[in-house]
Structures are given as structure tokens and as C-alpha cells.
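Visitor: start08.cif is reproduced in full below (mmCIF, C-alpha atoms and all ligand atoms).
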```cif
data_coords
loop_
_atom_site.group_PDB
_atom_site.id
_atom_site.type_symbol
_atom_site.label_atom_id
_atom_site.label_comp_id
_atom_site.auth_asym_id
_atom_site.auth_seq_id
_atom_site.Cartn_x
_atom_site.Cartn_y
_atom_site.Cartn_z
ATOM 1 C CA MET A 29 -6.285 46.073 57.521
ATOM 2 C CA ASN A 30 -2.739 45.046 58.409
ATOM 3 C CA ARG A 31 -2.035 41.947 60.483
ATOM 4 C CA LYS A 32 0.714 43.514 62.590
ATOM 5 C CA GLY A 33 2.903 46.588 62.869
ATOM 6 C CA ALA A 34 6.151 47.126 61.013
ATOM 7 C CA THR A 35 8.789 49.759 60.384
ATOM 8 C CA VAL A 36 9.348 50.442 56.699
ATOM 9 C CA TRP A 37 12.562 52.441 56.449
ATOM 10 C CA PHE A 38 13.424 54.253 53.196
ATOM 11 C CA THR A 39 17.075 55.280 52.893
ATOM 12 C CA GLY A 40 18.963 56.871 50.009
ATOM 13 C CA LEU A 41 20.604 59.998 48.665
ATOM 14 C CA PRO A 42 18.726 63.321 48.766
ATOM 15 C CA SER A 43 16.334 63.382 45.755
ATOM 16 C CA SER A 44 16.721 59.655 45.123
ATOM 17 C CA GLY A 45 12.917 59.253 45.417
ATOM 18 C CA LYS A 46 12.328 58.203 49.036
ATOM 19 C CA SER A 47 9.452 60.577 49.813
ATOM 20 C CA THR A 48 7.783 60.000 46.444
ATOM 21 C CA ILE A 49 7.738 56.210 46.866
ATOM 22 C CA ALA A 50 6.927 56.404 50.598
ATOM 23 C CA ARG A 51 3.856 58.554 49.835
ATOM 24 C CA LEU A 52 2.636 56.040 47.239
ATOM 25 C CA VAL A 53 3.024 53.169 49.717
ATOM 26 C CA HIS A 54 1.275 55.232 52.404
ATOM 27 C CA GLN A 55 -1.705 55.905 50.116
ATOM 28 C CA GLN A 56 -1.976 52.261 49.054
ATOM 29 C CA LEU A 57 -1.984 51.128 52.672
ATOM 30 C CA LEU A 58 -4.625 53.729 53.554
ATOM 31 C CA ASP A 59 -6.702 52.403 50.654
ATOM 32 C CA ARG A 60 -6.387 48.947 52.207
ATOM 33 C CA ARG A 61 -7.613 50.347 55.532
ATOM 34 C CA CYS A 62 -4.323 49.694 57.288
ATOM 35 C CA LEU A 63 -3.163 51.433 60.432
ATOM 36 C CA VAL A 64 -0.307 53.430 58.969
ATOM 37 C CA GLU A 65 1.691 56.591 59.649
ATOM 38 C CA LEU A 66 4.188 58.418 57.453
ATOM 39 C CA LEU A 67 7.270 59.864 59.141
ATOM 40 C CA ASP A 68 9.161 61.979 56.629
ATOM 41 C CA GLY A 69 12.615 63.033 57.752
ATOM 42 C CA SER A 70 12.482 66.481 56.150
ATOM 43 C CA GLU A 71 9.187 67.247 57.892
ATOM 44 C CA ILE A 72 10.424 65.861 61.197
ATOM 45 C CA ARG A 73 13.406 68.211 61.006
ATOM 46 C CA GLU A 74 10.849 71.024 61.409
ATOM 47 C CA SER A 75 9.229 69.533 64.515
ATOM 48 C CA LEU A 76 10.661 66.693 66.606
ATOM 49 C CA SER A 77 14.179 67.253 65.265
ATOM 50 C CA ARG A 78 14.020 71.046 64.977
ATOM 51 C CA GLY A 79 17.436 72.602 65.578
ATOM 52 C CA LEU A 80 19.429 69.505 64.684
ATOM 53 C CA THR A 81 22.207 70.078 62.153
ATOM 54 C CA PHE A 82 23.696 67.741 59.546
ATOM 55 C CA SER A 83 26.724 66.835 61.650
ATOM 56 C CA ARG A 84 27.305 63.146 62.181
ATOM 57 C CA GLU A 85 26.071 63.326 65.788
ATOM 58 C CA ASP A 86 22.904 65.223 64.860
ATOM 59 C CA ARG A 87 22.144 62.945 61.916
ATOM 60 C CA GLU A 88 22.455 59.979 64.268
ATOM 61 C CA GLU A 89 20.169 61.689 66.757
ATOM 62 C CA HIS A 90 17.608 62.455 64.016
ATOM 63 C CA VAL A 91 17.507 58.798 62.977
ATOM 64 C CA ARG A 92 17.292 57.691 66.607
ATOM 65 C CA ARG A 93 14.262 59.945 67.183
ATOM 66 C CA ILE A 94 12.421 58.745 64.080
ATOM 67 C CA GLY A 95 13.293 55.175 65.024
ATOM 68 C CA TYR A 96 11.932 55.694 68.524
ATOM 69 C CA VAL A 97 8.582 56.945 67.222
ATOM 70 C CA ALA A 98 8.482 54.071 64.737
ATOM 71 C CA LYS A 99 9.096 51.613 67.569
ATOM 72 C CA LEU A 100 6.176 53.012 69.579
ATOM 73 C CA LEU A 101 3.874 52.950 66.566
ATOM 74 C CA SER A 102 4.845 49.532 65.271
ATOM 75 C CA ARG A 103 4.447 47.828 68.635
ATOM 76 C CA ASN A 104 0.887 49.156 68.627
ATOM 77 C CA ASN A 105 0.210 47.436 65.306
ATOM 78 C CA VAL A 106 0.769 50.514 63.166
ATOM 79 C CA ILE A 107 2.910 50.381 60.024
ATOM 80 C CA ALA A 108 5.403 53.237 60.413
ATOM 81 C CA ILE A 109 6.731 54.375 57.048
ATOM 82 C CA CYS A 110 9.932 56.347 57.564
ATOM 83 C CA ALA A 111 11.779 58.237 54.825
ATOM 84 C CA ALA A 112 15.118 59.756 55.756
ATOM 85 C CA VAL A 113 18.519 59.972 54.076
ATOM 86 C CA SER A 114 19.885 58.130 57.144
ATOM 87 C CA PRO A 115 23.372 57.856 55.635
ATOM 88 C CA HIS A 116 25.010 55.851 58.402
ATOM 89 C CA ARG A 117 24.634 52.087 58.399
ATOM 90 C CA ALA A 118 25.201 51.809 62.153
ATOM 91 C CA SER A 119 22.294 54.187 62.906
ATOM 92 C CA ARG A 120 19.910 52.258 60.686
ATOM 93 C CA ASP A 121 21.041 48.970 62.180
ATOM 94 C CA GLU A 122 20.405 50.368 65.662
ATOM 95 C CA VAL A 123 16.783 51.075 64.663
ATOM 96 C CA ARG A 124 16.581 47.590 63.163
ATOM 97 C CA ARG A 125 17.682 46.062 66.475
ATOM 98 C CA ASN A 126 15.138 48.100 68.443
ATOM 99 C CA THR A 127 12.105 47.331 66.283
ATOM 100 C CA SER A 128 10.461 44.114 65.218
ATOM 101 C CA THR A 129 9.650 43.626 61.525
ATOM 102 C CA PHE A 130 12.073 46.184 60.150
ATOM 103 C CA VAL A 131 11.850 46.491 56.369
ATOM 104 C CA GLU A 132 14.739 48.470 54.937
ATOM 105 C CA VAL A 133 14.163 49.939 51.476
ATOM 106 C CA HIS A 134 17.251 51.198 49.683
ATOM 107 C CA VAL A 135 16.274 53.754 47.035
ATOM 108 C CA ASP A 136 19.397 53.788 44.912
ATOM 109 C CA CYS A 137 20.469 56.070 42.075
ATOM 110 C CA SER A 138 23.643 57.844 41.036
ATOM 111 C CA VAL A 139 24.536 61.238 42.468
ATOM 112 C CA ALA A 140 24.229 62.651 38.930
ATOM 113 C CA THR A 141 20.639 61.403 38.614
ATOM 114 C CA ALA A 142 19.684 62.630 42.089
ATOM 115 C CA GLU A 143 21.220 65.975 41.248
ATOM 116 C CA SER A 144 19.246 66.243 38.016
ATOM 117 C CA ARG A 145 15.984 65.731 39.972
ATOM 118 C CA ASP A 146 16.739 68.226 42.695
ATOM 119 C CA ARG A 147 14.057 70.899 42.525
ATOM 120 C CA ASP A 148 15.301 72.956 45.456
ATOM 121 C CA GLY A 149 18.799 73.379 44.052
ATOM 122 C CA MET A 150 20.351 71.814 47.149
ATOM 123 C CA TYR A 151 23.001 69.915 45.186
ATOM 124 C CA ALA A 152 23.983 73.086 43.300
ATOM 125 C CA ARG A 153 24.336 74.964 46.573
ATOM 126 C CA ALA A 154 26.370 72.100 48.012
ATOM 127 C CA ARG A 155 28.633 72.156 44.933
ATOM 128 C CA ARG A 156 29.204 75.875 45.471
ATOM 129 C CA GLY A 157 30.270 75.078 49.023
ATOM 130 C CA GLU A 158 27.231 76.793 50.531
ATOM 131 C CA ILE A 159 26.040 73.649 52.311
ATOM 132 C CA PRO A 160 28.718 71.715 54.165
ATOM 133 C CA ASP A 161 28.186 68.020 54.915
ATOM 134 C CA PHE A 162 25.789 67.418 52.018
ATOM 135 C CA THR A 163 25.248 63.696 51.454
ATOM 136 C CA GLY A 164 26.603 62.540 48.101
ATOM 137 C CA VAL A 165 28.633 65.725 47.543
ATOM 138 C CA SER A 166 30.616 66.438 50.682
ATOM 139 C CA ASP A 167 29.396 63.794 53.104
ATOM 140 C CA VAL A 168 29.273 60.010 53.154
ATOM 141 C CA TYR A 169 26.382 57.724 52.198
ATOM 142 C CA GLU A 170 26.751 54.162 53.417
ATOM 143 C CA ALA A 171 24.473 51.932 51.337
ATOM 144 C CA PRO A 172 22.726 49.043 53.095
ATOM 145 C CA SER A 173 24.404 45.707 52.450
ATOM 146 C CA ALA A 174 21.250 43.585 52.704
ATOM 147 C CA PRO A 175 18.070 45.675 52.448
ATOM 148 C CA GLU A 176 14.751 43.822 52.384
ATOM 149 C CA VAL A 177 13.826 45.839 49.280
ATOM 150 C CA TYR A 178 16.250 47.225 46.721
ATOM 151 C CA VAL A 179 15.000 49.884 44.311
ATOM 152 C CA ASN A 180 17.060 51.304 41.465
ATOM 153 C CA SER A 181 15.110 54.490 40.878
ATOM 154 C CA GLU A 182 17.054 55.176 37.664
ATOM 155 C CA VAL A 183 15.347 52.283 35.916
ATOM 156 C CA GLU A 184 12.273 51.515 38.040
ATOM 157 C CA SER A 185 9.233 53.755 38.243
ATOM 158 C CA ALA A 186 8.022 54.990 41.615
ATOM 159 C CA GLU A 187 4.851 52.887 41.079
ATOM 160 C CA SER A 188 6.855 49.725 40.516
ATOM 161 C CA ALA A 189 8.980 50.470 43.595
ATOM 162 C CA ALA A 190 5.852 50.984 45.715
ATOM 163 C CA TRP A 191 4.479 47.671 44.451
ATOM 164 C CA LYS A 192 7.692 45.907 45.536
ATOM 165 C CA VAL A 193 7.390 47.324 49.046
ATOM 166 C CA VAL A 194 3.711 46.406 49.416
ATOM 167 C CA CYS A 195 4.341 42.929 48.019
ATOM 168 C CA THR A 196 7.222 42.405 50.467
ATOM 169 C CA LEU A 197 4.927 43.415 53.337
ATOM 170 C CA GLU A 198 2.518 40.727 52.162
ATOM 171 C CA MET A 199 5.268 38.118 52.075
ATOM 172 C CA LEU A 200 6.340 39.070 55.607
ATOM 173 C CA ASP A 201 2.723 38.584 56.712
ATOM 174 C CA VAL A 202 2.292 42.236 57.682
ATOM 175 C CA LEU A 203 -0.472 42.463 55.078
ATOM 176 C CA GLU A 204 -2.903 39.960 53.726
ATOM 177 C CA MET A 205 -2.123 38.762 50.213
ATOM 178 C CA ALA A 206 -4.129 40.842 47.771
ATOM 179 C CA ARG A 207 -3.049 39.059 44.610
ATOM 180 C CA PRO A 208 -1.669 35.672 43.609
ATOM 181 C CA SER A 209 2.097 35.383 43.861
ATOM 182 C CA THR A 210 3.128 33.545 40.760
ATOM 183 C CA ASP A 211 4.744 35.945 38.331
ATOM 184 C CA SER A 212 8.489 36.376 37.968
ATOM 185 C CA ASP A 213 8.599 39.764 39.715
ATOM 186 C CA THR A 214 7.073 38.267 42.831
ATOM 187 C CA GLU A 215 9.413 35.295 42.652
ATOM 188 C CA ALA A 216 12.390 37.661 42.586
ATOM 189 C CA LEU A 217 11.147 39.314 45.792
ATOM 190 C CA GLN A 218 10.629 35.901 47.364
ATOM 191 C CA ARG A 219 14.182 34.867 46.444
ATOM 192 C CA ARG A 220 15.507 38.039 48.025
ATOM 193 C CA LEU A 221 13.712 37.359 51.316
ATOM 194 C CA ALA A 222 14.872 33.742 51.229
ATOM 195 C CA SER A 223 18.458 34.872 50.776
ATOM 196 C CA LEU A 224 18.036 37.106 53.836
ATOM 197 C CA GLY A 225 16.879 34.123 55.867
ATOM 198 C CA TYR A 226 13.169 34.948 56.143
ATOM 199 C CA VAL A 227 11.710 31.851 54.521
HETATM 200 N N1 LIG B 301 11.718 56.164 39.715
HETATM 201 C C1 LIG B 301 11.486 57.196 40.541
HETATM 202 N N2 LIG B 301 11.196 56.986 41.830
HETATM 203 C C2 LIG B 301 10.991 58.044 42.660
HETATM 204 N N3 LIG B 301 11.067 59.349 42.267
HETATM 205 C C3 LIG B 301 11.358 59.606 40.994
HETATM 206 C C4 LIG B 301 11.592 58.551 40.073
HETATM 207 N N4 LIG B 301 11.867 59.090 38.879
HETATM 208 C C5 LIG B 301 11.818 60.428 39.020
HETATM 209 N N5 LIG B 301 11.488 60.755 40.295
HETATM 210 C C6 LIG B 301 11.353 62.132 40.795
HETATM 211 O O1 LIG B 301 12.493 62.419 41.610
HETATM 212 C C7 LIG B 301 12.133 63.319 42.652
HETATM 213 C C8 LIG B 301 12.503 62.658 43.962
HETATM 214 O O2 LIG B 301 12.203 63.531 45.007
HETATM 215 P P1 LIG B 301 11.879 63.009 46.481
HETATM 216 O O3 LIG B 301 10.939 61.856 46.447
HETATM 217 O O4 LIG B 301 11.482 64.214 47.276
HETATM 218 O O5 LIG B 301 13.314 62.471 46.940
HETATM 219 P P2 LIG B 301 13.886 62.248 48.413
HETATM 220 O O6 LIG B 301 12.727 62.148 49.355
HETATM 221 O O7 LIG B 301 14.674 60.980 48.272
HETATM 222 O O8 LIG B 301 14.768 63.422 48.696
HETATM 223 C C9 LIG B 301 10.647 63.579 42.525
HETATM 224 O O9 LIG B 301 10.464 64.777 41.810
HETATM 225 C C10 LIG B 301 10.160 62.383 41.687
HETATM 226 O O10 LIG B 301 9.019 62.669 40.928
HETATM 227 MG MG MG B 302 12.276 63.366 51.049
#
```
What is this file in C-alpha cells?

Guide:
Amino acid sequence: MNRKGATVWFTGLPSSGKSTIARLVHQQLLDRRCLVELLDGSEIRESLSRGLTFSREDREEHVRRIGYVAKLLSRNNVIAICAAVSPHRASRDEVRRNTSTFVEVHVDCSVATAESRDRDGMYARARRGEIPDFTGVSDVYEAPSAPEVYVNSEVESAESAAWKVVCTLEMLDVLEMARPSTDSDTEALQRRLASLGYV
């Protein structure tokens, strides 16, 4: 069971690994009997954000809607796990301001790596000019400058990334500690939070 709500916000290029890692975190939190909900941007584009395009205004609106739901959930002690490209720093920072305990997770990899993982051929279509405003090809991605969790999905496994997120939630007192925090990986996460002014 979690101690309080939080918004865990995955951001990164299409096919960087956001949904994969978010699903692992979601399952681990369910296993720990937490109150948790997964808000995946691509699924939300078929419901709450149906009809929105990939223009700057509509992308901002999409992020605002997910952020609004996350705010409602997290203030009711639910951990809202959100996974969305969310390419604009200002939009993410707006959600950060409107929620308490905002944990930004930057899933980073090169465009070439993301492209090589793309099962739906979206990058190829974007390269052929069939999809305008495609993040990483023909549209901007503004990386977070100080995310609570940084994942380089080119070198880290999805399992290791999920562990970093769960461990950070423990350090922020969202979750009870499930394991002793002595090894060097945990210390690196602690140093990161200290550098962000948490401890
Ligand atoms: N280290 C990693 N972390 C996350 N996903 C990875 C990693 N290495 C390879 N992958 C693969 O990359 C793909 C990422 O797809 P997905 O999670 O849907 O990306 P996104 O939600 O960012 O668009 C998946 O097929 C996943 O198995
Ligand atoms: Mg996804």
C-alpha cells in the first residue's frame, strides 16, 4: 500500500520505452497493493483526447488533460502513472505546478535507436513525409533539464529503469521501503534527489 498519491510522468521520444517501463512499474505497484492507475497517452488519444491532432496547441491540450486526471487521482492518494511523449517542457512544468509529488521520468535514447524499435513503422512514415509534426523527425522534443529519474534506455534494461522509479518513490516516501538502501545504485538515486533539493 502506498503512503500517499503521486504523479509519475514518463516523457521521451516515440518508441523510447515509456509504455514498456510504465507498465512494469504499474504491475510492481499492483503487486505491492498500491492504489495506482496507468494513463497511457496513446490510449487516451482514443478516448479523453479523441480528435486532438499533433499540433503544438493540441499536444499541449493532451498533456493538460492527462495532467488534470492525474491531479484528481493523486490528491485522492492514488499513484497516477502517465506515459506520454509530452515534448514541450512548459506543458510538463505546468502539470508539475498543479500536482503535488510530481516525479518526472525522462526515458532517453537516440532517434536512431527509437526508430529501430518502432514496430508500427511510424518513423518510416514520418521520414517519407506522410506524418507531419512527428517528434524526433519533424517536430521538437524538449528534454527535461532536471527530471527526478533519468533513464538511458539504450544502455539500461526496462527492468532496471522500473527499479529506479520504484526506488525513487520509496525515497520520496510515497512507498514504504521494501529493501535496504545501501548499494551504489541506490546511493546514485539518493544523490540525484539531493541535488534536486529533496533531502
Ligand atoms: N531498455 C528498454 N527500455 C524500454 N523499452 C525497450 C528497451 N529496450 C528495448 N525496448 C523495446 O522498445 C520498444 C519501446 O516501445 P514503447 O514502450 O511502446 O515506447 P513508447 O511508449 O516510448 O512509444 C518496446 O518494444 C520495448 O520492448
Ligand atoms: Mg507508448

Visitor: Please identify all protein, DNA and RNA residues within 8 Å of ligand LIG 301 (chain B), counting only C-alpha atoms and all ligand atoms, and report them as a VMD selection string.

Guide: chain A and resid 39 to 50 111 to 113 135 142 145 to 147 180 to 187 189

Visitor: Which residues are near Arg220 in chain A? Cut-off 12 Å, only C-alpha atoms, ignore same chain within fewer than 2 positions. Put them as an MDAnalysis selection string.

Guide: chainID A and resid 174:178 192 196 199:200 213:218 222:227

Visitor: CA of Leu76 in chain A to CA of Asp148 in chain A: how many Å, to one decimal?

Guide: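 Atom-to-atom, CA of Leu76 in chain A and CA of Asp148 in chain A are spaced 22.5 Å apart.
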
Visitor: Identify which of the residues A:Gln56, A:Thr127, A:Ser102, A:Thr163 lies closest to Val202 in chain A, counting only C-alpha atoms when measuring atom-to-atom distances.

Guide: A:Ser102

Visitor: Excluding Val36 in chain A and any residue of its chain fewer than 3 positions from it, enumerate the residues within 7 Å of it, using only C-alpha atoms, and give them as a PyMOL selection string.

Guide: chain A and resi 108-110+130-132

Visitor: To one decimal place, how far is CA of Arg219 in chain A from CA of Arg61 in chain A in Å?

Guide: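 According to the coordinates, CA of Arg219 in chain A and CA of Arg61 in chain A are separated by 28.2 Å.
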
Visitor: Which residue out of A:Ser173, A:Ser212, A:Ser114, A:Ser119 has the minimum interatomic distance to ligand MG 302 (chain B) when all atoms listed in the file are used?

Guide: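 Ranked by minimum distance to ligand MG 302 (chain B), first place goes to A:Ser114.
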
Visitor: Which residue is closest to Ala140 in chain A? Choose from A:Gln55, A:Ala171, A:Ala152, A:Ala98 and count all atoms listed in the file.

Guide: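 Nearest candidate to Ala140 in chain A out of A:Gln55, A:Ala171, A:Ala152, A:Ala98: A:Ala152.
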
Visitor: Taking into account all atoms listed in the file, which residue in the set A:Arg84, A:Arg73, A:Arg93, A:Arg120 is nearest to ligand MG 302 (chain B)?

Guide: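 Looking only at the distances to ligand MG 302 (chain B), the closest residue turns out to be A:Arg73.
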